[in-house]
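Text of the file upload11.txt, holding compact mmCIF, C-alpha atoms and all ligand atoms:
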```
# COMPACT_ATOMS: atom_id res chain seq x y z
CA MET A 1 45.86 25.15 -54.43
CA ASN A 2 45.46 28.76 -53.34
CA ASP A 3 43.45 29.55 -56.49
CA ILE A 4 40.77 27.09 -55.40
CA LEU A 5 40.76 28.55 -51.89
CA ILE A 6 40.28 32.06 -53.30
CA GLN A 7 37.48 30.90 -55.64
CA ASN A 8 35.65 29.08 -52.85
CA THR A 9 35.95 31.97 -50.43
CA THR A 10 34.65 34.39 -53.05
CA ARG A 11 31.76 32.08 -53.98
CA PHE A 12 30.84 31.65 -50.35
CA PHE A 13 30.90 35.41 -49.82
CA LYS A 14 28.48 35.90 -52.73
CA GLU A 15 26.12 33.25 -51.38
CA LYS A 16 26.13 34.84 -47.92
CA PHE A 17 25.92 38.50 -48.82
CA GLY A 18 24.65 38.57 -52.40
CA ASN A 19 27.51 40.79 -53.61
CA GLU A 20 30.98 40.47 -55.07
CA PRO A 21 33.55 41.14 -52.30
CA GLN A 22 35.17 44.58 -52.44
CA LYS A 23 38.53 43.27 -51.25
CA ILE A 24 40.28 39.91 -51.10
CA VAL A 25 43.23 39.60 -48.70
CA LEU A 26 45.67 36.69 -48.47
CA SER A 27 47.63 36.14 -45.28
CA PRO A 28 50.25 33.40 -44.86
CA GLY A 29 51.43 31.09 -42.10
CA ARG A 30 55.15 30.80 -41.40
CA ILE A 31 58.03 28.45 -40.78
CA ASN A 32 61.24 29.13 -38.89
CA ILE A 33 64.34 27.74 -40.60
CA ILE A 34 66.61 28.09 -37.57
CA GLY A 35 66.95 30.17 -34.40
CA GLU A 36 64.81 28.38 -31.82
CA HIS A 37 64.28 29.60 -28.25
CA ILE A 38 66.59 32.54 -28.84
CA ASP A 39 64.01 35.21 -29.65
CA TYR A 40 63.76 35.92 -25.91
CA ASN A 41 67.51 35.42 -25.46
CA ASP A 42 68.62 38.32 -27.58
CA GLY A 43 69.31 36.23 -30.66
CA TYR A 44 68.05 36.30 -34.23
CA VAL A 45 65.45 34.10 -35.84
CA LEU A 46 65.22 33.07 -39.51
CA PRO A 47 61.55 32.70 -40.40
CA ALA A 48 59.73 32.90 -43.74
CA ALA A 49 56.12 33.18 -44.83
CA ILE A 50 54.78 30.07 -46.57
CA ASP A 51 52.44 29.33 -49.45
CA LYS A 52 49.68 28.23 -47.07
CA ILE A 53 47.27 31.07 -46.43
CA ILE A 54 44.04 32.37 -45.01
CA CYS A 55 41.88 34.04 -47.64
CA PHE A 56 39.53 36.85 -46.54
CA ALA A 57 36.71 38.31 -48.66
CA LEU A 58 35.33 41.61 -47.40
CA GLU A 59 32.88 44.44 -48.03
CA LYS A 60 31.70 47.53 -46.14
CA ASN A 61 28.09 47.16 -45.03
CA HIS A 62 27.35 50.81 -44.15
CA SER A 63 26.17 49.99 -40.65
CA LYS A 64 27.73 49.80 -37.19
CA LYS A 65 27.64 46.02 -37.13
CA SER A 66 30.12 43.49 -38.51
CA LYS A 67 29.38 39.95 -39.59
CA ILE A 68 32.12 37.34 -39.82
CA TYR A 69 31.87 33.80 -41.23
CA ALA A 70 34.55 31.17 -40.67
CA ILE A 71 33.95 28.77 -43.57
CA ASP A 72 36.23 25.96 -42.34
CA ILE A 73 34.37 25.46 -39.09
CA ASN A 74 30.99 26.60 -40.41
CA ASP A 75 30.58 29.16 -37.68
CA GLU A 76 29.61 32.79 -37.69
CA PHE A 77 29.25 35.75 -35.36
CA GLU A 78 28.22 39.38 -35.31
CA PHE A 79 29.42 42.29 -33.19
CA ASP A 80 28.41 45.87 -32.61
CA LEU A 81 31.11 48.48 -33.14
CA THR A 82 29.38 50.97 -30.85
CA LYS A 83 29.66 48.62 -27.86
CA GLU A 84 32.79 47.88 -25.88
CA ILE A 85 34.64 44.83 -27.23
CA GLN A 86 34.90 42.00 -24.71
CA LEU A 87 36.42 38.52 -24.72
CA SER A 88 34.04 35.81 -25.87
CA HIS A 89 33.97 32.14 -24.83
CA ILE A 90 34.27 31.17 -28.51
CA VAL A 91 38.01 31.19 -29.06
CA TRP A 92 38.29 31.92 -32.79
CA THR A 93 36.11 35.02 -32.54
CA ASN A 94 38.52 36.51 -30.00
CA TYR A 95 41.27 36.84 -32.63
CA ILE A 96 38.92 39.02 -34.70
CA LEU A 97 37.60 40.95 -31.71
CA GLY A 98 41.15 41.41 -30.45
CA VAL A 99 42.21 42.98 -33.70
CA VAL A 100 39.19 45.30 -33.77
CA LYS A 101 39.83 46.29 -30.16
CA GLN A 102 43.49 47.06 -30.86
CA LEU A 103 42.55 49.23 -33.84
CA GLN A 104 39.93 51.10 -31.79
CA ASP A 105 42.32 51.55 -28.85
CA ASN A 106 44.83 53.05 -31.28
CA GLY A 107 42.40 55.70 -32.42
CA PHE A 108 40.90 54.17 -35.57
CA THR A 109 37.15 54.56 -35.93
CA LEU A 110 35.78 51.52 -37.70
CA GLU A 111 32.53 51.12 -39.61
CA GLY A 112 30.63 47.89 -40.14
CA PHE A 113 31.87 45.25 -42.56
CA ASN A 114 31.05 41.75 -43.76
CA CYS A 115 33.77 39.14 -44.00
CA VAL A 116 34.13 35.47 -44.83
CA PHE A 117 37.42 33.63 -44.53
CA SER A 118 38.86 30.21 -45.22
CA SER A 119 42.30 28.69 -44.82
CA ASN A 120 44.66 25.91 -45.85
CA ILE A 121 47.10 26.50 -42.97
CA PRO A 122 46.95 23.55 -40.58
CA VAL A 123 45.54 24.88 -37.30
CA GLY A 124 47.48 24.41 -34.07
CA SER A 125 50.48 22.71 -35.70
CA GLY A 126 52.93 25.54 -35.19
CA LEU A 127 52.56 27.19 -38.61
CA SER A 128 50.95 30.21 -36.97
CA SER A 129 47.45 30.21 -38.35
CA SER A 130 46.64 32.59 -35.49
CA ALA A 131 49.11 35.25 -36.68
CA ALA A 132 47.79 34.84 -40.24
CA LEU A 133 44.28 35.43 -38.92
CA GLU A 134 45.24 38.56 -36.97
CA CYS A 135 47.42 40.14 -39.63
CA GLY A 136 45.04 39.29 -42.47
CA MET A 137 42.11 40.79 -40.58
CA ILE A 138 43.99 44.01 -39.84
CA TYR A 139 45.13 44.24 -43.46
CA GLY A 140 41.57 43.66 -44.69
CA ILE A 141 40.13 46.39 -42.46
CA LYS A 142 42.96 48.74 -43.46
CA GLU A 143 42.24 48.20 -47.17
CA LEU A 144 38.48 48.40 -46.79
CA PHE A 145 38.49 51.71 -44.91
CA ASP A 146 41.64 53.14 -46.45
CA LEU A 147 43.44 53.41 -43.11
CA THR A 148 47.10 54.36 -42.95
CA ILE A 149 48.82 51.63 -40.96
CA LYS A 150 52.49 50.82 -41.43
CA LYS A 151 53.56 47.24 -42.00
CA VAL A 152 55.40 47.08 -38.70
CA ASP A 153 52.30 48.31 -36.89
CA ILE A 154 50.17 45.59 -38.50
CA ALA A 155 52.56 43.05 -36.96
CA LEU A 156 52.62 44.80 -33.58
CA LEU A 157 48.83 45.21 -33.44
CA GLY A 158 48.45 41.55 -34.38
CA GLN A 159 50.78 40.57 -31.57
CA LYS A 160 48.82 42.72 -29.11
CA ALA A 161 45.58 41.10 -30.25
CA GLU A 162 47.09 37.67 -29.53
CA HIS A 163 48.16 38.87 -26.07
CA TRP A 164 44.58 40.03 -25.50
CA VAL A 165 43.35 36.54 -26.43
CA GLY A 166 45.67 35.25 -23.72
CA ILE A 167 48.77 34.00 -25.54
CA ASN A 168 51.93 35.83 -24.53
CA CYS A 169 53.70 35.38 -27.89
CA GLY A 170 56.78 37.13 -29.29
CA ILE A 171 56.75 39.11 -32.53
CA MET A 172 58.22 36.53 -34.94
CA ASP A 173 54.94 35.03 -36.17
CA GLN A 174 53.18 38.28 -37.01
CA PHE A 175 56.34 39.83 -38.42
CA SER A 176 56.89 36.89 -40.78
CA SER A 177 53.27 36.87 -41.89
CA VAL A 178 53.43 40.58 -42.77
CA TYR A 179 56.99 40.90 -44.13
CA GLY A 180 57.28 37.56 -45.95
CA LEU A 181 58.64 37.63 -49.50
CA GLN A 182 58.66 34.84 -52.04
CA ASN A 183 61.95 32.90 -51.89
CA LYS A 184 63.37 34.99 -49.07
CA VAL A 185 63.99 34.21 -45.44
CA ILE A 186 63.98 37.01 -42.88
CA LYS A 187 66.85 37.36 -40.44
CA LEU A 188 65.05 39.17 -37.66
CA ASP A 189 66.26 40.70 -34.44
CA CYS A 190 63.16 40.24 -32.31
CA LYS A 191 64.27 42.91 -29.87
CA THR A 192 64.96 45.83 -32.20
CA LEU A 193 62.87 44.57 -35.15
CA GLU A 194 65.84 45.20 -37.44
CA PHE A 195 65.83 42.67 -40.23
CA GLU A 196 67.40 41.65 -43.51
CA TYR A 197 66.29 39.30 -46.26
CA HIS A 198 68.39 36.39 -47.48
CA GLU A 199 67.77 34.47 -50.67
CA ALA A 200 66.12 31.13 -49.86
CA ASN A 201 67.32 28.89 -52.63
CA PHE A 202 67.32 25.32 -51.38
CA ASN A 203 68.67 23.94 -54.68
CA ASP A 204 67.71 20.28 -55.04
CA TYR A 205 65.96 20.10 -51.71
CA ALA A 206 62.33 20.54 -50.73
CA LEU A 207 60.98 21.73 -47.40
CA VAL A 208 58.62 19.23 -45.83
CA LEU A 209 57.17 19.43 -42.34
CA PHE A 210 56.38 16.26 -40.42
CA ASP A 211 53.58 16.82 -37.92
CA SER A 212 54.13 14.53 -34.94
CA ASN A 213 50.48 14.97 -33.96
CA VAL A 214 51.46 15.12 -30.30
CA LYS A 215 51.40 17.99 -27.81
CA HIS A 216 52.86 17.30 -24.39
CA SER A 217 51.57 19.53 -21.65
CA LEU A 218 55.02 20.36 -20.28
CA PHE A 219 55.40 23.29 -22.63
CA THR A 220 54.30 26.26 -20.48
CA SER A 221 56.02 25.27 -17.24
CA GLU A 222 59.25 24.29 -18.98
CA TYR A 223 59.22 27.47 -21.06
CA ASN A 224 59.11 29.58 -17.89
CA THR A 225 61.90 27.52 -16.29
CA ARG A 226 64.11 27.95 -19.40
CA ARG A 227 63.65 31.70 -19.25
CA GLU A 228 64.71 31.77 -15.61
CA GLU A 229 67.70 29.50 -16.24
CA CYS A 230 68.90 31.71 -19.08
CA GLU A 231 68.53 34.84 -16.96
CA LYS A 232 70.63 33.23 -14.24
CA GLY A 233 73.29 32.23 -16.76
CA LEU A 234 73.42 35.68 -18.31
CA LEU A 235 73.91 37.28 -14.91
CA ILE A 236 76.93 35.04 -14.22
CA ILE A 237 78.39 35.87 -17.64
CA LYS A 238 77.92 39.60 -17.04
CA ASN A 239 79.51 39.39 -13.59
CA ASN A 240 82.59 37.75 -15.09
CA PHE A 241 82.77 39.79 -18.29
CA PRO A 242 81.46 43.30 -17.55
CA ALA A 243 81.73 44.30 -21.22
CA ILE A 244 79.14 41.70 -22.23
CA LYS A 245 75.61 43.04 -22.34
CA SER A 246 73.78 40.12 -23.90
CA PHE A 247 74.24 36.54 -25.11
CA ARG A 248 75.11 37.65 -28.60
CA ASP A 249 78.29 39.32 -27.32
CA CYS A 250 79.53 36.17 -25.58
CA THR A 251 81.78 33.67 -27.37
CA GLU A 252 81.74 29.96 -26.70
CA ASN A 253 85.31 30.17 -25.31
CA GLN A 254 84.33 32.88 -22.85
CA LEU A 255 81.49 30.71 -21.64
CA LEU A 256 83.71 27.63 -21.37
CA SER A 257 86.21 29.62 -19.28
CA ILE A 258 83.59 30.20 -16.57
CA ARG A 259 81.91 26.81 -16.81
CA ASP A 260 82.77 25.85 -13.20
CA LYS A 261 81.02 29.01 -11.93
CA MET A 262 77.66 27.77 -13.21
CA ASP A 263 75.22 25.12 -12.21
CA LYS A 264 75.46 22.25 -14.75
CA THR A 265 71.92 22.72 -16.02
CA VAL A 266 72.30 26.46 -16.43
CA PHE A 267 75.53 25.88 -18.35
CA LYS A 268 73.79 23.50 -20.79
CA ARG A 269 70.96 25.97 -21.46
CA VAL A 270 73.33 28.88 -22.01
CA HIS A 271 75.70 26.83 -24.14
CA TYR A 272 72.79 25.96 -26.42
CA VAL A 273 71.78 29.63 -26.67
CA ILE A 274 75.27 30.84 -27.60
CA LYS A 275 75.74 28.07 -30.18
CA GLU A 276 72.28 28.66 -31.66
CA ILE A 277 72.92 32.39 -32.05
CA SER A 278 76.03 31.61 -34.07
CA ARG A 279 74.20 28.90 -36.07
CA VAL A 280 71.69 31.48 -37.33
CA SER A 281 74.54 33.57 -38.80
CA GLN A 282 76.15 30.45 -40.25
CA ALA A 283 72.80 29.45 -41.78
CA CYS A 284 72.54 32.84 -43.52
CA GLU A 285 76.05 32.43 -44.91
CA ALA A 286 75.26 28.90 -46.04
CA LEU A 287 72.17 30.16 -47.88
CA ASP A 288 74.12 33.05 -49.42
CA ASN A 289 76.74 30.57 -50.66
CA GLY A 290 74.22 27.99 -51.84
CA ASN A 291 75.69 25.48 -49.39
CA ILE A 292 72.48 23.63 -48.53
CA GLU A 293 74.34 20.61 -47.14
CA LEU A 294 75.84 22.88 -44.48
CA LEU A 295 72.43 24.37 -43.76
CA GLY A 296 71.08 20.85 -43.30
CA GLN A 297 73.87 19.96 -40.87
CA LEU A 298 73.08 23.10 -38.87
CA LEU A 299 69.46 21.96 -38.55
CA PHE A 300 70.62 18.60 -37.17
CA ASP A 301 72.97 20.42 -34.76
CA THR A 302 70.12 22.65 -33.56
CA HIS A 303 68.00 19.60 -32.88
CA ASP A 304 70.80 17.97 -30.88
CA GLY A 305 71.08 21.14 -28.81
CA LEU A 306 67.33 21.43 -28.28
CA SER A 307 67.12 17.79 -27.27
CA ASN A 308 70.25 17.34 -25.11
CA GLU A 309 71.11 20.80 -23.81
CA TYR A 310 67.93 22.85 -23.85
CA GLU A 311 65.85 19.72 -23.23
CA VAL A 312 62.62 20.75 -24.94
CA SER A 313 62.21 17.75 -27.25
CA CYS A 314 60.25 14.53 -26.73
CA GLU A 315 60.62 10.93 -27.86
CA GLU A 316 58.40 11.36 -30.93
CA LEU A 317 60.40 14.33 -32.26
CA ASP A 318 63.72 12.68 -31.38
CA MET A 319 62.67 9.56 -33.27
CA LEU A 320 61.74 11.62 -36.36
CA VAL A 321 65.08 13.43 -36.39
CA ALA A 322 67.16 10.32 -35.61
CA THR A 323 65.41 8.48 -38.46
CA ALA A 324 66.00 11.46 -40.75
CA LYS A 325 69.74 11.35 -39.98
CA GLU A 326 69.88 7.77 -41.22
CA ASN A 327 67.99 8.55 -44.41
CA ASP A 328 70.23 9.53 -47.36
CA ALA A 329 67.48 11.63 -48.94
CA ILE A 330 67.25 13.96 -45.90
CA ILE A 331 70.09 16.40 -45.29
CA GLY A 332 68.65 18.30 -42.35
CA SER A 333 65.91 17.98 -39.76
CA ARG A 334 64.99 19.53 -36.43
CA LEU A 335 62.02 20.20 -34.23
CA MET A 336 60.45 23.54 -35.13
CA GLY A 337 58.77 25.76 -32.55
CA GLY A 338 58.72 25.58 -28.78
CA GLY A 339 59.10 21.79 -28.58
CA PHE A 340 57.37 18.97 -26.68
CA GLY A 341 55.44 18.19 -29.86
CA GLY A 342 54.41 19.88 -33.09
CA CYS A 343 56.38 19.60 -36.32
CA THR A 344 59.87 18.82 -37.50
CA ILE A 345 61.20 20.77 -40.48
CA ASN A 346 63.09 18.69 -43.05
CA LEU A 347 65.19 19.26 -46.15
CA ILE A 348 64.46 16.36 -48.49
CA LYS A 349 66.03 15.62 -51.87
CA LYS A 350 63.49 16.62 -54.55
CA GLY A 351 61.84 13.57 -56.12
CA LYS A 352 62.33 11.48 -52.97
CA GLU A 353 59.53 13.09 -50.95
CA ASN A 354 56.93 10.34 -51.44
CA GLU A 355 59.34 7.51 -50.70
CA VAL A 356 60.42 9.28 -47.49
CA LYS A 357 56.84 10.02 -46.44
CA ASN A 358 55.78 6.38 -46.90
CA LYS A 359 58.71 5.11 -44.86
CA PHE A 360 58.22 7.57 -42.05
CA SER A 361 54.47 7.18 -41.74
CA SER A 362 54.57 3.40 -41.40
CA LEU A 363 57.48 3.52 -38.96
CA TYR A 364 55.84 6.23 -36.84
CA LEU A 365 52.55 4.36 -36.77
CA ASP A 366 54.34 1.14 -35.75
CA ILE A 367 56.24 2.76 -32.90
CA PHE A 368 53.77 5.27 -31.50
CA GLY A 369 50.42 4.19 -32.94
CA ILE A 370 49.94 7.75 -34.19
CA GLU A 371 49.39 8.99 -37.73
CA LEU A 372 52.17 11.25 -39.00
CA LYS A 373 51.03 14.18 -41.17
CA PHE A 374 53.07 15.95 -43.85
CA TYR A 375 53.01 19.50 -45.14
CA ASP A 376 54.95 20.45 -48.26
CA VAL A 377 55.82 24.10 -47.97
CA LYS A 378 57.29 26.72 -50.27
CA ILE A 379 58.28 30.19 -49.25
CA GLY A 380 55.66 32.73 -50.19
CA ASN A 381 54.68 36.38 -49.91
CA GLY A 382 53.49 38.26 -46.85
CA THR A 383 49.96 39.53 -46.22
CA SER A 384 48.69 41.26 -49.34
CA LEU A 385 45.74 42.25 -51.44
CA PHE A 386 44.65 39.81 -54.14
CA ASN A 387 44.07 41.57 -57.43
CA LEU A 388 40.37 41.06 -58.21
CA ASP A 389 40.84 42.02 -61.88
CA LYS A 390 43.21 39.15 -62.60
P1 LIG B 401 48.77 27.99 -34.64
O1 LIG B 401 48.89 29.47 -34.66
O2 LIG B 401 50.08 27.31 -34.39
O3 LIG B 401 48.10 27.42 -35.84
P2 LIG B 401 47.19 28.58 -32.33
O4 LIG B 401 46.62 27.73 -31.27
O5 LIG B 401 48.09 29.70 -31.96
O6 LIG B 401 47.87 27.60 -33.38
O7 LIG B 401 46.01 29.26 -33.16
C1 LIG B 401 44.97 28.48 -33.67
C2 LIG B 401 43.62 29.17 -33.41
O8 LIG B 401 43.43 30.22 -34.39
C3 LIG B 401 42.45 28.23 -33.61
O9 LIG B 401 42.14 27.53 -32.43
C4 LIG B 401 41.35 29.20 -34.00
O10 LIG B 401 40.80 29.81 -32.86
C5 LIG B 401 42.08 30.25 -34.82
N1 LIG B 401 42.04 29.87 -36.25
C6 LIG B 401 43.11 29.65 -37.06
N2 LIG B 401 42.70 29.33 -38.32
C7 LIG B 401 41.37 29.37 -38.31
C8 LIG B 401 40.36 29.12 -39.30
N3 LIG B 401 40.68 28.78 -40.56
N4 LIG B 401 39.06 29.25 -38.94
C9 LIG B 401 38.73 29.60 -37.68
N5 LIG B 401 39.62 29.83 -36.71
C10 LIG B 401 40.92 29.73 -37.00
MG MG B 402 49.55 30.66 -33.01
```

File written out as structure tokens:
Amino acid sequence: MNDILIQNTTRFFKEKFGNEPQKIVLSPGRINIIGEHIDYNDGYVLPAAIDKIICFALEKNHSKKSKIYAIDINDEFEFDLTKEIQLSHIVWTNYILGVVKQLQDNGFTLEGFNCVFSSNIPVGSGLSSSAALECGMIYGIKELFDLTIKKVDIALLGQKAEHWVGINCGIMDQFSSVYGLQNKVIKLDCKTLEFEYHEANFNDYALVLFDSNVKHSLFTSEYNTRREECEKGLLIIKNNFPAIKSFRDCTENQLLSIRDKMDKTVFKRVHYVIKEISRVSQACEALDNGNIELLGQLLFDTHDGLSNEYEVSCEELDMLVATAKENDAIIGSRLMGGGFGGCTINLIKKGKENEVKNKFSSLYLDIFGIELKFYDVKIGNGTSLFNLDK
């Protein structure tokens, strides 16, 4: 599938600019296996890059102007590198401008370039097409002009570009896009950026995402409330256990012992956080031991926590996970991402994928009148150069 994407992008580049591209860069989307809503609560996340990518074809054009073509939406724009970069009203161009601005603000002098790009990452479904766009663009510019930029700085500059566009995201998406490795998940401490790889061998199970095709508008307000509730809870924990500095130091028993000192809602949120932090470690162990059934159970447990304690699910996602629990071919399922819509991530017995998809799509359509979409994903490599001589 990616071969065709690369061929098309290259062909399009030649038609537009009359030359072979000098560089081809591939930049992936990401999934998160487990570790939801704990990046800002001092926990770990367990993301991986996927085999769905944005492909960029690039050349220097020996001027001070850059021309960018987005094949998928048949749109193009041009900008002048000698003028100050400003936000545009055309959203997609801001991700490119944001990246260029971050590079300039960090002391890199850029020359003009031509670029076309095309993608097979579903846009706006929580697979982080935006991080793939930022990190791929930075990588492309780095390769084209031979800039020295460390991997970690590609991720950080990508994150800053997204902030500039107006989305106050954490680092997980850009980090996963840059550091992804085939068949590895990344256990990442979002605070310190320390990380370790774990083998991602799912044995007889395939990863399939179910896209609920809904987005409830509660997300931003509820996200801010959750952050406040967790801060309140942490303060109470610290007051009772002065040795505890963050959620990761607190055991479930310690929390239970001070349950009556907390508002019921705050307790539920914090209980979810502490359990989820320990589930990420258990998930790594399960992967290390090849115990995929246990991993699957942990995904179900995370969903229960997100739905009942953290309360960031919705009826469509709850229905998908409840139906998955009853299906013998599915050993794990949970909402992935911030919640209130987007995708569920599922571990499905290999060979049973089509049967499961047929069942789920007709049921979902019957109940909600909405089409369910499916994405088969494999774990792939991080942002990299495609070898043009191959
Ligand atoms: P997600 O990152 O979950 O896919 P976002 O809303 O964060 O969703 O980012 C999606 C935005 O990124 C799109 O609205 C668009 O501006 C930009 N984008 C992503 N992929 C492409 C693409 N192939 N062509 C043009 N713009 C894209
Ligand atoms: Mg995004």

Dump as JSON lines the rows for residues of range 70-162 of chain A within 12 Å of range 213-217 of chain A: closest atom pair and distance in Å with one decimal, all atoms listed in the file counted, ordered by chain and rising residue number.
```
{"residue": "A:Pro122", "atom": "CA", "partner": "A:Asn213", "partner_atom": "CA", "distance": 11.4}
{"residue": "A:Val123", "atom": "CA", "partner": "A:Asn213", "partner_atom": "CA", "distance": 11.6}
{"residue": "A:Gly124", "atom": "CA", "partner": "A:Lys215", "partner_atom": "CA", "distance": 9.8}
{"residue": "A:Ser125", "atom": "CA", "partner": "A:Asn213", "partner_atom": "CA", "distance": 7.9}
{"residue": "A:Gly126", "atom": "CA", "partner": "A:Lys215", "partner_atom": "CA", "distance": 10.7}
```

Once you count all atoms listed in the file, which residues end up within 12 Å of ligand MG 402 (chain B), and could you hand them over as a ChimeraX atom specification? /A:29-31,92,95,121-135,158-159,161-163,165-174,177,337-338,342

What would the list of residues within 12 Å of (75.5, 25.2, -47.2) (file frame) look like as a list of chain:residue names, if all atoms listed in the file are what count? A:Ala200, A:Asn201, A:Phe202, A:Asn203, A:Tyr205, A:Arg279, A:Ser281, A:Gln282, A:Ala283, A:Cys284, A:Glu285, A:Ala286, A:Leu287, A:Asp288, A:Asn289, A:Gly290, A:Asn291, A:Ile292, A:Glu293, A:Leu294, A:Leu295, A:Gly296, A:Gln297, A:Leu298, A:Leu299, A:Ile331, A:Gly332, A:Leu347

Counting only C-alpha atoms, closest pick from A:Lys357, A:Asn61, A:Asn308, A:Gly233 relative to Glu371 in chain A is A:Lys357

What separates CA of Glu311 in chain A and CA of Met336 in chain A is a distance of 13.6 Å

Check the smallest atom-to-atom distance from each of A:Thr82, A:Asn32, A:Asn2, A:Asn120 to ligand LIG 401 (chain B) using all atoms listed in the file, then report the winner. A:Asn120

For range 58-118 of chain A against range 138-152 of chain A, with a cut-off of 9 Å and counting only C-alpha atoms, what is the closest atom pair and its distance in Å to one decimal for every residue that makes the cut, ordered by chain and number, as JSON lines?
```
{"residue": "A:Leu58", "atom": "CA", "partner": "A:Gly140", "partner_atom": "CA", "distance": 7.1}
{"residue": "A:Glu59", "atom": "CA", "partner": "A:Leu144", "partner_atom": "CA", "distance": 7.0}
{"residue": "A:Lys60", "atom": "CA", "partner": "A:Leu144", "partner_atom": "CA", "distance": 6.9}
{"residue": "A:Ile96", "atom": "CA", "partner": "A:Ile138", "partner_atom": "CA", "distance": 8.8}
{"residue": "A:Val99", "atom": "CA", "partner": "A:Ile138", "partner_atom": "CA", "distance": 6.5}
{"residue": "A:Val100", "atom": "CA", "partner": "A:Ile138", "partner_atom": "CA", "distance": 7.8}
{"residue": "A:Leu103", "atom": "CA", "partner": "A:Ile138", "partner_atom": "CA", "distance": 8.1}
{"residue": "A:Phe108", "atom": "CA", "partner": "A:Leu147", "partner_atom": "CA", "distance": 8.0}
{"residue": "A:Leu110", "atom": "CA", "partner": "A:Phe145", "partner_atom": "CA", "distance": 7.7}
{"residue": "A:Glu111", "atom": "CA", "partner": "A:Phe145", "partner_atom": "CA", "distance": 8.0}
{"residue": "A:Phe113", "atom": "CA", "partner": "A:Ile141", "partner_atom": "CA", "distance": 8.3}
```

Measuring atom to atom with all atoms listed in the file, identify which of A:Ser212, A:Asn240, A:Thr192, A:Ser118 is nearest to ligand LIG 401 (chain B).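 Using all atoms listed in the file, ligand LIG 401 (chain B) sits closest to A:Ser118.
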
Point-to-point distance in Å for CA of Gly98 in chain A and CA of Trp164 in chain A: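 Between CA of Trp164 in chain A and CA of Gly98 in chain A the gap works out to 6.2 Å.
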
Please compute the CA of Ile85 in chain A-CA of Lys101 in chain A distance, one decimal, in Å. 6.1 Å

Determine, counting all atoms listed in the file, which protein, DNA and RNA residues have an atom within 8 Å of an atom of range 78-80 of chain A; residues of the same chain fewer than 2 positions away are not included. Present the result as a VMD selection string. chain A and resid 64 to 68 76 82 to 83

Hey, which of A:Leu188, A:Val273, A:Cys343, A:Ala324 ends up closest to ligand LIG 401 (chain B)? Count all atoms listed in the file. A:Cys343

Nearest to ligand LIG 401 (chain B): which of A:Val25, A:Tyr69, A:Pro47, A:Ile33 is it, counting only C-alpha atoms and all ligand atoms?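 Among the listed residues, the smallest separation from ligand LIG 401 (chain B) belongs to A:Tyr69.
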
Nearest-residue call for ligand LIG 401 (chain B), choices A:Leu209, A:Val116, A:Met262, A:Ile379, using only C-alpha atoms and all ligand atoms: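 Going through A:Leu209, A:Val116, A:Met262, A:Ile379 one by one, the smallest distance to ligand LIG 401 (chain B) is for A:Val116.
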
Got a sec: who's within 6 Å of Ser333 in chain A, counting only C-alpha atoms, leaving out chain neighbours fewer than 5 positions off, as a PyMOL selection string? chain A and resi 299-300+321+345-346

Output C-alpha atoms for every residue in that selection, as an mmCIF file, keeping the file's coordinate frame.
```
data_model
loop_
_atom_site.group_PDB
_atom_site.id
_atom_site.type_symbol
_atom_site.label_atom_id
_atom_site.label_comp_id
_atom_site.auth_asym_id
_atom_site.auth_seq_id
_atom_site.Cartn_x
_atom_site.Cartn_y
_atom_site.Cartn_z
ATOM 1 C CA LEU A 299 69.460 21.960 -38.550
ATOM 2 C CA PHE A 300 70.620 18.600 -37.170
ATOM 3 C CA VAL A 321 65.080 13.430 -36.390
ATOM 4 C CA ILE A 345 61.200 20.770 -40.480
ATOM 5 C CA ASN A 346 63.090 18.690 -43.050
#
```

For Tyr310 in chain A, list every protein, DNA or RNA residue within 9 Å, evaluated using only C-alpha atoms, and leave out those in the same chain fewer than 4 positions away; present the list as a PyMOL selection string. chain A and resi 37+226+265+268-273+305-306

How about completing range 68-75 of chain A with N, CA and C atoms and giving it to me as a PDB file, in the frame of the given file?
```pdb
ATOM      1  N   ILE A  68      30.943  38.128 -39.410  1.00  0.00           N
ATOM      2  CA  ILE A  68      32.120  37.340 -39.820  1.00  0.00           C
ATOM      3  C   ILE A  68      31.731  35.866 -39.920  1.00  0.00           C
ATOM      4  N   TYR A  69      32.122  35.229 -41.034  1.00  0.00           N
ATOM      5  CA  TYR A  69      31.870  33.800 -41.230  1.00  0.00           C
ATOM      6  C   TYR A  69      33.190  33.058 -41.381  1.00  0.00           C
ATOM      7  N   ALA A  70      33.365  32.030 -40.552  1.00  0.00           N
ATOM      8  CA  ALA A  70      34.550  31.170 -40.670  1.00  0.00           C
ATOM      9  C   ALA A  70      34.128  29.908 -41.422  1.00  0.00           C
ATOM     10  N   ILE A  71      34.444  29.851 -42.697  1.00  0.00           N
ATOM     11  CA  ILE A  71      33.950  28.770 -43.570  1.00  0.00           C
ATOM     12  C   ILE A  71      34.392  27.391 -43.056  1.00  0.00           C
ATOM     13  N   ASP A  72      35.667  27.287 -42.652  1.00  0.00           N
ATOM     14  CA  ASP A  72      36.230  25.960 -42.340  1.00  0.00           C
ATOM     15  C   ASP A  72      35.543  25.279 -41.167  1.00  0.00           C
ATOM     16  N   ILE A  73      35.031  26.079 -40.240  1.00  0.00           N
ATOM     17  CA  ILE A  73      34.370  25.460 -39.090  1.00  0.00           C
ATOM     18  C   ILE A  73      32.869  25.744 -39.112  1.00  0.00           C
ATOM     19  N   ASN A  74      32.418  26.316 -40.212  1.00  0.00           N
ATOM     20  CA  ASN A  74      30.990  26.600 -40.410  1.00  0.00           C
ATOM     21  C   ASN A  74      30.401  27.306 -39.199  1.00  0.00           C
ATOM     22  N   ASP A  75      31.039  28.402 -38.842  1.00  0.00           N
ATOM     23  CA  ASP A  75      30.580  29.160 -37.680  1.00  0.00           C
ATOM     24  C   ASP A  75      30.565  30.646 -38.041  1.00  0.00           C
TER      25      ASP A  75
END
```
